[in-house]
Amino acid sequence: MNGTTQTDTDPHSLGPEGDFPLVALKAIYALIGIGGFLGNGLVCVVLRTQKRSFRSVTNLLILNQSVLDLFSTAIFLLLRLPPAIDRLPDTLLGELVCRLWVSEYCMWSLIIASTVNLVLVSLERYFATCFPVRHRFHFTARKAKAGMAFSWLWGFTYQLYWLIIRDFRGGVCDVSWSSPTLQMVMGVVFFVLEYLLPLSIMTLAYTSIILLLRRRRRLGGIVVCNVFQRAKRNVTVTLCLVFIFYVLCWTPTSVTYLLYNLGFPYDFNSTMHMVVTVIVILNACVNPIIYTLKYEQFQRQLKIIFCSRSCKRNRVGALSADDDARPRNQLRNISQHVPN
């Protein structure tokens with residue numbers, strides 16, 4: 001213990017002021033946090049108000065992703081915009097605040113849960129594309145909700161270690177490992193569980209999907225099937241972009257955190273650390289932009305909510321909003337409940 005604040009020594013800290021202008025830093029935090037909160041809030045509103053059009057397993061997981069990102073950006077704003085807490089009362093309440101709030105336990109639990117949910121999305125898309133029959137019978141709304149609950153449970157359970165390694169003495173909240181060896185071992189474990197394993201699963205899933213879609217595109221098909229394949233490809237491409245931005249946002253901080261735990265010198269008050277950690281929060285902000293620009297189903301429902309009545313009347317004959325529903329004007333004699 002050196003008497004420093006949590007921001008000085010906490011590798012999970014998201015706000016090292018360092019040599020970066022404080023006003024500019026707070027402005028960046030506000031821009032990212034508010035943008036992420038409003039963007040994910042918009043996604044939640046669209047998916048909930050148009051829930052009859054978003055009944056598929058995929059959209060349930062997208063909704064869960066947006067809720068997780070919504071709460072994580074909200075907590076980010078509450079943590080980073082107010083002045084940093086230098087010292088807490090040396091009481092039981094002060095220790096609770098240290099372990100539960102100053103440690104940023106809640107926010108990082110939500111971020112880890114968000115990663116788990118992204119893995120579930122990739123697996124769902126993999127089975128929907130590569131094994132559609134199996135997907136139809138095994139990927140139900142009930143199982144999707146169970147997976148959503150698991151992502152929340154895993155995030156808050158996994159991050160409990162962060163409460164254990166907190167050290168609270170004399171009103172100062174800090175991080176304390178019992179030994180450098182333990183920190184090195186756990187650093188590798190964290191890197192595997194938080195980054196390498198999710199990255200491997202999602203990479204294999206989306207690589208398999210892309211290869212299969214390319215083969216199908218070369219083979220072609222009847223017109224009606226092409227309509228469905230386009231809808232499936234659209235949602236898959238959208239989620240593939242979400243995965244790509246996950247990799248771009250998480251790689252820098254995962255690598256630097258691993259190096260820190262392995263004993264390499266790293267300045268958590270540097271501008272570089274500020275940039276690296278802010279990029280992580282950007283991952284929660286970029287998904288609504290991807291949905292708006294690339295997800296045709298989301299675009300249509302967004303227009304329904306915000307367009308005038310004349311815009312709605314012009315939608316006659318448009319493709320059904322659900323990515324696994326068939327166009328009414330083409331498939332009236334076919335069941336609406338088909339696999340994604």
# chains A, B, ... in the order shown; residues from 1 in each chain; ligands from 1
>>> residues_around(residues="stretch 254-262 of chain A", least_positions_apart="5", cutoff="6 Å", atoms="only C-alpha atoms", output="JSON, numbers by chain")
{"A": [183, 184, 187]}
>>> residues_around(residues="A:Leu88", least_positions_apart="2", cutoff="10 Å", atoms="only C-alpha atoms", output="PDB file with C-alpha atoms, in the first residue's frame")
ATOM      1  CA  ILE A  85     -12.960   9.561  -4.602  1.00  0.00           C
ATOM      2  CA  ASP A  86      -9.593  10.053  -2.876  1.00  0.00           C
ATOM      3  CA  ASP A  90     -12.748   4.052   7.557  1.00  0.00           C
ATOM      4  CA  THR A  91     -15.961   2.210   8.373  1.00  0.00           C
ATOM      5  CA  LEU A  93     -19.887   1.355   4.840  1.00  0.00           C
ATOM      6  CA  GLY A  94     -16.674   2.774   3.432  1.00  0.00           C
ATOM      7  CA  GLU A  95     -15.350  -0.726   2.788  1.00  0.00           C
ATOM      8  CA  VAL A  97     -18.369   1.345  -1.170  1.00  0.00           C
ATOM      9  CA  CYS A  98     -14.745   0.499  -1.929  1.00  0.00           C
ATOM     10  CA  VAL A 102     -15.020   2.281  -6.334  1.00  0.00           C
ATOM     11  CA  PHE A 168      -9.172  -1.221   2.262  1.00  0.00           C
ATOM     12  CA  ARG A 169      -7.047   0.404   4.916  1.00  0.00           C
ATOM     13  CA  GLY A 170      -7.181   3.856   6.414  1.00  0.00           C
ATOM     14  CA  GLY A 171      -9.943   4.904   4.050  1.00  0.00           C
ATOM     15  CA  VAL A 172      -7.847   4.099   0.953  1.00  0.00           C
ATOM     16  CA  CYS A 173      -9.213   1.637  -1.621  1.00  0.00           C
TER      17      CYS A 173
END
>>> residues_around(residues="A:Leu60", least_positions_apart="4", cutoff="8 Å", atoms="only C-alpha atoms", output="list in words")
Phe54, Arg55, Ser56, Asn64, Ala141, Ala144 and Lys145 of chain A
>>> select_by_dssp(residues="stretch 144-282 of chain A", states="helix (DSSP H, G or I)", output="JSON, numbers by chain")
{"A": [144, 145, 146, 147, 148, 149, 150, 151, 152, 153, 154, 155, 156, 157, 158, 160, 161, 162, 163, 164, 180, 181, 182, 183, 184, 185, 186, 187, 188, 189, 190, 191, 192, 193, 194, 195, 196, 197, 198, 199, 200, 201, 202, 203, 204, 205, 206, 207, 208, 209, 210, 211, 212, 213, 214, 215, 216, 217, 218, 219, 223, 224, 225, 226, 227, 228, 229, 230, 231, 232, 233, 234, 235, 236, 237, 238, 239, 240, 241, 242, 243, 244, 245, 246, 247, 248, 249, 250, 251, 252, 253, 254, 255, 256, 257, 258, 259, 260, 261, 271, 272, 273, 274, 275, 276, 277, 278, 279, 280, 281, 282]}
>>> residues_around(residues="stretch 21-25 of chain A", least_positions_apart="6", cutoff="12 Å", atoms="only C-alpha atoms", output="ChimeraX atom specification")
/A:14-15,31-32,80-84,270-271,274-275,278
>>> residues_around(residues="A:Phe37", least_positions_apart="6", cutoff="8 Å", atoms="only C-alpha atoms", output="MDAnalysis selection string")
chainID A and resid 69:71 73:74 285
>>> closest_residue(among="A:Ile62, A:Leu38, A:Ala30, A:Met186", to="A:Leu79", atoms="only C-alpha atoms")
A:Ala30
>>> select_by_dssp(residues="stretch 84-205 of chain A", states="strand (DSSP E or B)", output="ChimeraX atom specification")
/A:166-169,172-175
>>> closest_atom_pairs(of="stretch 242-270 of chain A", to="stretch 118-135 of chain A", cutoff="10 Å", atoms="only C-alpha atoms", output="tab-separated table")
residue	atom	partner	partner_atom	distance
A:Val242	CA	A:Leu118	CA	8.5
A:Phe243	CA	A:Leu118	CA	7.5
A:Tyr246	CA	A:Leu118	CA	8.9
>>> write_last_selection(atoms="C-alpha atoms", output="PDB file, in the first residue's frame")
ATOM      1  CA  VAL A 242     -20.401  -6.421 -34.028  1.00  0.00           C
ATOM      2  CA  PHE A 243     -17.849  -9.183 -33.484  1.00  0.00           C
ATOM      3  CA  TYR A 246     -15.447  -6.358 -30.279  1.00  0.00           C
TER       4      TYR A 246
END
>>> closest_residue(among="A:Leu182, A:Gly36, A:Asn59, A:Val116", to="A:Tyr295", atoms="only C-alpha atoms")
A:Asn59
>>> atom_distance(atom1="atom CA of A:Cys106", atom2="atom CA of A:Gly147")
19.7 Å
>>> residues_around(residues="A:Ser66", least_positions_apart="4", cutoff="9 Å", atoms="only C-alpha atoms", output="mmCIF file with all heavy atoms, in the first residue's frame")
data_model
loop_
_atom_site.group_PDB
_atom_site.id
_atom_site.type_symbol
_atom_site.label_atom_id
_atom_site.label_comp_id
_atom_site.auth_asym_id
_atom_site.auth_seq_id
_atom_site.Cartn_x
_atom_site.Cartn_y
_atom_site.Cartn_z
ATOM 1 N N GLY A 39 -27.930 5.549 -27.463
ATOM 2 C CA GLY A 39 -27.972 4.600 -28.570
ATOM 3 C C GLY A 39 -28.555 3.270 -28.170
ATOM 4 O O GLY A 39 -29.456 2.734 -28.851
ATOM 5 N N ASN A 40 -28.073 2.718 -27.067
ATOM 6 C CA ASN A 40 -28.604 1.437 -26.607
ATOM 7 C C ASN A 40 -30.032 1.582 -26.084
ATOM 8 O O ASN A 40 -30.832 0.649 -26.208
ATOM 9 C CB ASN A 40 -27.694 0.862 -25.512
ATOM 10 C CG ASN A 40 -26.401 0.320 -26.073
ATOM 11 O OD1 ASN A 40 -26.371 -0.715 -26.730
ATOM 12 N ND2 ASN A 40 -25.313 1.025 -25.821
ATOM 13 N N GLY A 41 -30.337 2.747 -25.521
ATOM 14 C CA GLY A 41 -31.716 2.993 -25.118
ATOM 15 C C GLY A 41 -32.657 2.980 -26.306
ATOM 16 O O GLY A 41 -33.766 2.440 -26.240
ATOM 17 N N VAL A 43 -32.193 1.320 -29.123
ATOM 18 C CA VAL A 43 -32.333 -0.079 -29.564
ATOM 19 C C VAL A 43 -33.344 -0.809 -28.683
ATOM 20 O O VAL A 43 -34.204 -1.551 -29.180
ATOM 21 C CB VAL A 43 -30.969 -0.792 -29.525
ATOM 22 C CG1 VAL A 43 -31.134 -2.284 -29.850
ATOM 23 C CG2 VAL A 43 -30.002 -0.155 -30.512
ATOM 24 N N CYS A 44 -33.266 -0.587 -27.382
ATOM 25 C CA CYS A 44 -34.207 -1.237 -26.463
ATOM 26 C C CYS A 44 -35.646 -0.799 -26.739
ATOM 27 O O CYS A 44 -36.570 -1.626 -26.712
ATOM 28 C CB CYS A 44 -33.828 -0.928 -25.016
ATOM 29 S SG CYS A 44 -32.272 -1.665 -24.476
ATOM 30 N N LEU A 61 -31.478 -12.016 -28.001
ATOM 31 C CA LEU A 61 -30.088 -11.854 -27.572
ATOM 32 C C LEU A 61 -29.575 -10.452 -27.877
ATOM 33 O O LEU A 61 -28.789 -9.884 -27.103
ATOM 34 C CB LEU A 61 -29.214 -12.909 -28.251
ATOM 35 C CG LEU A 61 -29.499 -14.361 -27.845
ATOM 36 C CD1 LEU A 61 -28.676 -15.333 -28.684
ATOM 37 C CD2 LEU A 61 -29.217 -14.578 -26.361
ATOM 38 N N ILE A 62 -29.999 -9.879 -29.000
ATOM 39 C CA ILE A 62 -29.623 -8.500 -29.312
ATOM 40 C C ILE A 62 -30.204 -7.544 -28.265
ATOM 41 O O ILE A 62 -29.548 -6.593 -27.833
ATOM 42 C CB ILE A 62 -30.105 -8.116 -30.724
ATOM 43 C CG1 ILE A 62 -29.288 -8.863 -31.784
ATOM 44 C CG2 ILE A 62 -29.990 -6.605 -30.950
ATOM 45 C CD1 ILE A 62 -29.752 -8.612 -33.204
ATOM 46 N N LEU A 70 -26.482 -0.715 -22.104
ATOM 47 C CA LEU A 70 -27.170 0.458 -21.561
ATOM 48 C C LEU A 70 -26.781 0.687 -20.103
ATOM 49 O O LEU A 70 -26.404 1.803 -19.709
ATOM 50 C CB LEU A 70 -28.685 0.265 -21.677
ATOM 51 C CG LEU A 70 -29.567 1.351 -21.053
ATOM 52 C CD1 LEU A 70 -29.501 2.625 -21.880
ATOM 53 C CD2 LEU A 70 -31.014 0.868 -20.940
ATOM 54 N N PHE A 71 -26.832 -0.358 -19.305
ATOM 55 C CA PHE A 71 -26.496 -0.230 -17.889
ATOM 56 C C PHE A 71 -25.006 0.038 -17.686
ATOM 57 O O PHE A 71 -24.625 0.810 -16.798
ATOM 58 C CB PHE A 71 -26.922 -1.483 -17.127
ATOM 59 C CG PHE A 71 -28.380 -1.521 -16.784
ATOM 60 C CD1 PHE A 71 -29.250 -2.341 -17.468
ATOM 61 C CD2 PHE A 71 -28.892 -0.718 -15.774
ATOM 62 C CE1 PHE A 71 -30.599 -2.378 -17.164
ATOM 63 C CE2 PHE A 71 -30.242 -0.739 -15.457
ATOM 64 C CZ PHE A 71 -31.107 -1.574 -16.156
ATOM 65 N N SER A 114 -21.713 -8.933 -21.150
ATOM 66 C CA SER A 114 -21.897 -8.554 -22.547
ATOM 67 C C SER A 114 -21.060 -9.437 -23.471
ATOM 68 O O SER A 114 -21.521 -9.849 -24.540
ATOM 69 C CB SER A 114 -21.522 -7.081 -22.737
ATOM 70 O OG SER A 114 -21.608 -6.699 -24.089
ATOM 71 N N ALA A 284 -19.377 -0.586 -26.379
ATOM 72 C CA ALA A 284 -20.785 -0.548 -25.978
ATOM 73 C C ALA A 284 -21.564 0.511 -26.738
ATOM 74 O O ALA A 284 -22.798 0.487 -26.736
ATOM 75 C CB ALA A 284 -20.893 -0.287 -24.469
ATOM 76 N N ASN A 287 -22.407 -0.602 -31.244
ATOM 77 C CA ASN A 287 -23.413 -1.563 -31.700
ATOM 78 C C ASN A 287 -24.694 -0.913 -32.219
ATOM 79 O O ASN A 287 -25.199 -1.300 -33.284
ATOM 80 C CB ASN A 287 -23.737 -2.564 -30.590
ATOM 81 C CG ASN A 287 -22.582 -3.496 -30.308
ATOM 82 O OD1 ASN A 287 -21.627 -3.569 -31.082
ATOM 83 N ND2 ASN A 287 -22.655 -4.216 -29.210
ATOM 84 N N PRO A 288 -25.262 0.086 -31.518
ATOM 85 C CA PRO A 288 -26.461 0.744 -32.073
ATOM 86 C C PRO A 288 -26.220 1.379 -33.435
ATOM 87 O O PRO A 288 -27.113 1.396 -34.293
ATOM 88 C CB PRO A 288 -26.802 1.809 -31.013
ATOM 89 C CG PRO A 288 -26.213 1.288 -29.753
ATOM 90 C CD PRO A 288 -24.950 0.586 -30.167
#
>>> closest_residue(among="A:Leu100, A:Ile201, A:Val185, A:Val235", to="A:Phe298", atoms="only C-alpha atoms")
A:Val235
>>> atom_distance(atom1="atom CA of A:Leu239", atom2="atom CA of A:Leu197")
18.2 Å
